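So this block is data-v8.cif, mmCIF, C-alpha atoms:
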data_input
#
loop_
_atom_site.group_PDB
_atom_site.id
_atom_site.type_symbol
_atom_site.label_atom_id
_atom_site.label_comp_id
_atom_site.auth_asym_id
_atom_site.auth_seq_id
_atom_site.Cartn_x
_atom_site.Cartn_y
_atom_site.Cartn_z
ATOM 1 C CA MET G 26 171.122 84.928 118.847
ATOM 2 C CA ASN G 27 168.283 85.810 116.495
ATOM 3 C CA GLU G 28 168.412 85.560 112.709
ATOM 4 C CA GLU G 29 169.055 89.255 112.103
ATOM 5 C CA SER G 30 172.004 89.510 114.468
ATOM 6 C CA ALA G 31 173.413 86.214 113.163
ATOM 7 C CA GLN G 32 173.269 87.623 109.635
ATOM 8 C CA SER G 33 174.745 90.993 110.618
ATOM 9 C CA GLU G 34 177.665 89.497 112.585
ATOM 10 C CA TYR G 35 178.624 87.206 109.738
ATOM 11 C CA THR G 36 181.391 88.197 107.310
ATOM 12 C CA SER G 37 180.699 87.157 103.731
ATOM 13 C CA ILE G 38 183.252 84.845 102.114
ATOM 14 C CA ALA G 39 182.345 86.051 98.607
ATOM 15 C CA PRO G 40 182.289 89.387 96.792
ATOM 16 C CA CYS G 41 178.969 91.227 96.738
ATOM 17 C CA ARG G 42 176.457 89.681 94.343
ATOM 18 C CA GLU G 43 177.130 92.228 91.584
ATOM 19 C CA GLN G 44 180.866 91.477 91.611
ATOM 20 C CA CYS G 45 180.609 87.685 91.479
ATOM 21 C CA VAL G 46 181.412 85.804 88.297
ATOM 22 C CA TYR G 47 177.915 84.999 87.049
ATOM 23 C CA THR G 48 176.412 83.518 83.902
ATOM 24 C CA SER G 49 172.669 82.859 83.807
ATOM 25 C CA CYS G 50 171.776 79.115 83.583
ATOM 26 C CA TYR G 51 175.346 78.016 84.451
ATOM 27 C CA CYS G 52 174.857 77.660 88.216
ATOM 28 C CA GLU G 53 177.394 74.805 88.470
ATOM 29 C CA GLU G 54 180.120 77.065 87.059
ATOM 30 C CA ASN G 55 179.032 80.092 89.109
ATOM 31 C CA VAL G 56 179.489 78.001 92.262
ATOM 32 C CA TRP G 57 182.825 76.625 90.995
ATOM 33 C CA LYS G 58 183.983 80.241 90.581
ATOM 34 C CA LEU G 59 182.843 81.053 94.136
ATOM 35 C CA CYS G 60 184.872 78.099 95.459
ATOM 36 C CA GLU G 61 187.847 79.313 93.434
ATOM 37 C CA TYR G 62 187.453 82.797 94.939
ATOM 38 C CA VAL G 63 187.455 81.387 98.496
ATOM 39 C CA LYS G 64 190.558 79.342 97.733
ATOM 40 C CA ASP G 65 192.451 82.194 96.034
ATOM 41 C CA GLN G 66 191.459 84.937 98.497
ATOM 42 C CA GLY G 67 191.534 82.765 101.643
ATOM 43 C CA THR G 68 188.263 84.282 102.886
ATOM 44 C CA CYS G 69 187.700 81.118 104.931
ATOM 45 C CA SER G 70 189.094 77.615 105.144
ATOM 46 C CA LEU G 71 188.097 75.671 102.020
ATOM 47 C CA ASP G 72 186.978 72.766 104.215
ATOM 48 C CA GLU G 73 184.052 74.911 105.430
ATOM 49 C CA VAL G 74 182.714 75.284 101.889
ATOM 50 C CA TYR G 75 180.537 72.894 99.866
ATOM 51 C CA ALA G 76 178.991 72.823 96.403
ATOM 52 C CA VAL G 77 175.426 71.543 96.751
ATOM 53 C CA PHE G 78 173.700 70.008 93.720
ATOM 54 C CA ILE G 79 169.925 69.760 94.061
ATOM 55 C CA SER G 80 168.057 67.368 91.783
ATOM 56 C CA ASN G 81 166.174 64.052 91.832
ATOM 57 C CA GLU G 82 165.623 60.967 89.682
ATOM 58 C CA ARG G 83 163.111 62.792 87.461
ATOM 59 C CA LYS G 84 165.109 66.042 87.303
ATOM 60 C CA THR G 85 162.100 68.064 88.510
ATOM 61 C CA ILE G 86 162.853 70.105 91.609
ATOM 62 C CA PRO G 87 160.889 73.140 92.797
ATOM 63 C CA ILE G 88 162.775 76.054 94.356
ATOM 64 C CA TRP G 89 161.034 79.186 95.559
ATOM 65 C CA LYS G 90 162.323 82.773 95.720
ATOM 66 C CA GLN G 91 164.252 82.522 92.476
ATOM 67 C CA LYS G 92 164.796 85.552 90.240
ATOM 68 C CA SER G 93 162.843 83.807 87.489
ATOM 69 C CA SER G 94 159.912 82.952 89.809
ATOM 70 C CA ARG G 95 156.498 84.389 88.987
ATOM 71 C CA GLY G 96 154.856 85.685 92.138
ATOM 72 C CA ASP G 97 154.985 83.010 94.811
ATOM 73 C CA GLN G 98 155.373 80.157 92.333
ATOM 74 C CA PRO G 99 158.479 77.983 92.479
ATOM 75 C CA VAL G 100 160.788 77.514 89.523
ATOM 76 C CA ILE G 101 161.007 73.862 88.483
ATOM 77 C CA TRP G 102 164.664 73.215 87.681
ATOM 78 C CA ASP G 103 166.161 69.990 86.341
ATOM 79 C CA TYR G 104 168.953 70.738 88.802
ATOM 80 C CA HIS G 105 170.294 73.720 90.690
ATOM 81 C CA VAL G 106 173.618 74.379 92.432
ATOM 82 C CA ILE G 107 174.279 76.549 95.482
ATOM 83 C CA LEU G 108 177.275 77.142 97.736
ATOM 84 C CA LEU G 109 177.059 76.195 101.409
ATOM 85 C CA HIS G 110 179.353 77.729 104.012
ATOM 86 C CA ALA G 111 179.271 75.791 107.287
ATOM 87 C CA ASP G 112 181.506 77.807 109.622
ATOM 88 C CA LYS G 113 183.389 76.647 112.713
ATOM 89 C CA GLN G 114 180.824 78.332 114.985
ATOM 90 C CA GLY G 115 178.098 75.938 113.818
ATOM 91 C CA GLN G 116 176.402 78.496 111.576
ATOM 92 C CA SER G 117 175.588 77.808 107.939
ATOM 93 C CA PHE G 118 174.988 80.242 105.104
ATOM 94 C CA ILE G 119 173.780 79.713 101.531
ATOM 95 C CA TYR G 120 175.157 81.563 98.511
ATOM 96 C CA ASP G 121 172.680 81.374 95.617
ATOM 97 C CA LEU G 122 173.239 83.818 92.759
ATOM 98 C CA ASP G 123 169.773 83.065 91.349
ATOM 99 C CA THR G 124 167.733 83.879 94.448
ATOM 100 C CA ILE G 125 165.945 87.069 95.487
ATOM 101 C CA LEU G 126 166.813 86.220 99.108
ATOM 102 C CA PRO G 127 169.895 87.864 100.682
ATOM 103 C CA PHE G 128 173.341 86.925 99.370
ATOM 104 C CA PRO G 129 174.577 85.268 101.519
ATOM 105 C CA CYS G 130 171.439 83.965 103.243
ATOM 106 C CA LEU G 131 171.247 82.354 106.671
ATOM 107 C CA PHE G 132 170.744 78.615 106.127
ATOM 108 C CA ASP G 133 167.586 78.394 108.239
ATOM 109 C CA VAL G 134 166.008 81.281 106.311
ATOM 110 C CA TYR G 135 166.963 79.867 102.916
ATOM 111 C CA SER G 136 165.693 76.377 103.695
ATOM 112 C CA LYS G 137 162.391 77.757 105.019
ATOM 113 C CA GLU G 138 161.846 80.215 102.143
ATOM 114 C CA ALA G 139 163.444 78.545 99.116
ATOM 115 C CA PHE G 140 163.158 74.811 99.876
ATOM 116 C CA ARG G 141 160.086 74.863 102.127
ATOM 117 C CA SER G 142 159.221 71.187 102.626
ATOM 118 C CA ASP G 143 158.707 67.999 100.630
ATOM 119 C CA GLN G 144 155.730 67.174 102.844
ATOM 120 C CA HIS G 145 153.061 68.678 100.579
ATOM 121 C CA LEU G 146 154.731 67.794 97.278
ATOM 122 C CA LYS G 147 154.144 64.761 95.090
ATOM 123 C CA PRO G 148 157.073 62.306 95.340
ATOM 124 C CA ALA G 149 158.145 63.242 91.774
ATOM 125 C CA PHE G 150 159.136 66.670 93.158
ATOM 126 C CA TRP G 151 160.977 65.559 96.307
ATOM 127 C CA ARG G 152 164.446 67.073 96.453
ATOM 128 C CA LYS G 153 167.760 65.291 96.945
ATOM 129 C CA LEU G 154 171.032 67.086 97.569
ATOM 130 C CA ARG G 155 174.572 66.051 96.752
ATOM 131 C CA VAL G 156 177.006 67.891 99.042
ATOM 132 C CA ILE G 157 180.570 68.041 97.706
ATOM 133 C CA PRO G 158 183.512 69.540 99.636
ATOM 134 C CA GLY G 159 184.783 72.691 97.902
ATOM 135 C CA ASP G 160 188.292 71.326 97.414
ATOM 136 C CA ALA G 161 187.013 68.160 95.714
ATOM 137 C CA TYR G 162 184.684 70.222 93.557
ATOM 138 C CA LEU G 163 187.521 72.438 92.302
ATOM 139 C CA LYS G 164 189.707 69.408 91.541
ATOM 140 C CA LYS G 165 187.140 67.019 90.057
ATOM 141 C CA PHE G 166 184.386 68.962 88.279
ATOM 142 C CA ALA G 167 184.512 69.299 84.476
ATOM 143 C CA SER G 168 182.029 70.604 81.918
ATOM 144 C CA ASP G 169 182.334 71.059 78.162
ATOM 145 C CA ARG G 170 178.908 72.842 78.259
ATOM 146 C CA SER G 171 177.472 70.452 75.660
ATOM 147 C CA HIS G 172 174.294 70.155 77.748
ATOM 148 C CA MET G 173 173.575 73.795 76.871
ATOM 149 C CA LYS G 174 173.502 73.216 73.100
ATOM 150 C CA ASP G 175 170.443 72.228 71.097
ATOM 151 C CA SER G 176 170.367 69.443 68.489
ATOM 152 C CA ASP G 177 171.764 71.858 65.876
ATOM 153 C CA GLY G 178 174.708 72.707 68.110
ATOM 154 C CA LYS G 179 173.444 76.212 68.882
ATOM 155 C CA TRP G 180 173.696 77.614 72.413
ATOM 156 C CA ARG G 181 170.418 77.602 74.347
ATOM 157 C CA THR G 182 171.924 80.269 76.587
ATOM 158 C CA SER G 183 175.192 82.116 75.961
ATOM 159 C CA PRO G 184 178.127 80.402 77.712
ATOM 160 C CA PRO G 185 180.526 82.037 80.182
ATOM 161 C CA PRO G 186 183.343 84.079 78.597
ATOM 162 C CA TYR G 187 186.146 82.029 80.183
ATOM 163 C CA PRO G 188 187.376 78.597 78.962
ATOM 164 C CA CYS G 189 185.490 75.396 79.860
ATOM 165 C CA LEU G 190 186.352 73.898 83.236
ATOM 166 C CA GLU G 191 188.241 70.639 82.855
ATOM 167 C CA THR G 192 190.586 68.362 84.781
ATOM 168 C CA SER G 193 193.412 66.073 83.693
ATOM 169 C CA GLU G 194 190.933 63.178 84.030
ATOM 170 C CA SER G 195 187.842 64.609 82.382
ATOM 171 C CA LYS G 196 186.381 67.201 80.033
ATOM 172 C CA MET G 197 182.744 66.458 80.992
ATOM 173 C CA ASN G 198 181.415 64.796 84.147
ATOM 174 C CA LEU G 199 178.499 67.075 85.038
ATOM 175 C CA ASP G 200 176.081 64.121 85.078
ATOM 176 C CA ASP G 201 178.078 62.476 87.890
ATOM 177 C CA PHE G 202 177.272 65.502 90.063
ATOM 178 C CA ILE G 203 173.608 65.819 89.069
ATOM 179 C CA CYS G 204 173.062 62.086 89.616
ATOM 180 C CA MET G 205 171.500 61.431 93.036
ATOM 181 C CA ASP G 206 172.618 57.810 93.365
ATOM 182 C CA ALA G 207 174.575 57.827 96.623
ATOM 183 C CA ARG G 208 176.710 54.876 95.444
ATOM 184 C CA THR G 209 178.435 56.924 92.739
ATOM 185 C CA GLY G 210 180.087 60.306 92.344
ATOM 186 C CA TYR G 211 181.541 62.680 94.920
ATOM 187 C CA GLY G 212 180.335 63.881 98.297
ATOM 188 C CA GLU G 213 177.284 62.797 100.288
ATOM 189 C CA VAL G 214 173.697 62.520 99.065
ATOM 190 C CA TYR G 215 170.876 63.592 101.427
ATOM 191 C CA ASN G 216 167.126 63.823 101.238
ATOM 192 C CA LEU G 217 165.874 67.321 102.040
ATOM 193 C CA LEU G 218 164.895 66.621 105.640
ATOM 194 C CA ASP G 219 168.259 65.046 106.522
ATOM 195 C CA PHE G 220 170.135 67.848 104.767
ATOM 196 C CA VAL G 221 168.299 70.532 106.749
ATOM 197 C CA GLN G 222 168.777 68.652 110.046
ATOM 198 C CA HIS G 223 172.473 68.188 109.349
ATOM 199 C CA PHE G 224 173.347 71.785 108.478
ATOM 200 C CA LYS G 225 170.874 73.925 110.426
ATOM 201 C CA ARG G 226 172.196 76.075 113.253
ATOM 202 C CA LYS G 227 173.713 73.968 116.010
#
Reformat the file's structure so that it appears as structure tokens.
Amino acid sequence: MNEESAQSEYTSIAPCREQCVYTSCYCEENVWKLCEYVKDQGTCSLDEVYAVFISNERKTIPIWKQKSSRGDQPVIWDYHVILLHADKQGQSFIYDLDTILPFPCLFDVYSKEAFRSDQHLKPAFWRKLRVIPGDAYLKKFASDRSHMKDSDGKWRTSPPPYPCLETSESKMNLDDFICMDARTGYGEVYNLLDFVQHFKRK
């Protein structure tokens, strides 16, 4: 099956891009809301869905094909979060509300276009990915949005209109998810090559 027919035969597990809950610069919450949608609407089994945090020790990760890209230049994020749907047929799709690629996008296309490769990058820009099951993400993630305030307490970017996401255990644990130390936090941590090998079309 070629990429086009794989994309056309796939049924999206999310609303169309324009109808998704979206706040610019709050990718971790946008993905949380996508997981919540899948759970509430039952568009697929929640165990097929993962929140994927992309970062590294220096918090400098290039991603191409972003809405804020200039020409063919990557955006250098401190971290970015996307949703991964790995279906029972061995196909994977990426949901990234900040990309100019399709929404959803076939995994192989997204990894080729948006991630490219670490091969030609300086080690400071090599990507790591923390892959957290959707159910765990909904239950464990918490953010008081303090990372989006400047030293005077003013918002760098306007926050989402709904209340902060919190759990009974925590009001703020975003750093546990951005951290790429495999010995701590939730889910599995991969380097880019292993991540692509693990989730590409079987």
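Atom CA of Asp160 of chain G lies 27.9 Å from atom CA of Thr85 of chain G.
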Axis-aligned box over every listed atom of segment 43-49 of chain G, padded by 4 Å per side: centre and edges in Å to one decimal, as AutoDock Vina command-line options?
--center_x 177.0 --center_y 87.5 --center_z 87.7 --size_x 16.7 --size_y 17.4 --size_z 15.8
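Proximity to Tyr215 of chain G was assessed for G:Asp169, G:Ile157, G:Ala31, G:Asp200 counting only C-alpha atoms; the smallest distance is recorded for G:Ile157.
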Next item on the list: Show which residues sit within 12 Å of segment 190-199 of chain G, as number ranges by chain. Count all atoms listed in the file, and ignore same-chain residues fewer than 4 positions away.
Entry: G: 51-55, 57-58, 61, 78, 104-106, 161-173, 184-186, 203-204, 210-211
Check: Mind pulling up the distance from atom CA of Cys130 of chain G to atom CA of Ser30 of chain G?
Finding: 12.5 Å
Notebook entry, point to check: If you apply the PyMOL selection byres ((chain G and resi 94-101) around 12) to this file, what residues do you get, as JSON, numbers by chain?
Noted result: {"G": [79, 80, 81, 83, 84, 85, 86, 87, 88, 89, 90, 91, 92, 93, 102, 103, 104, 105, 123, 124, 125, 138, 139, 140, 141, 146, 149, 150, 151, 152]}
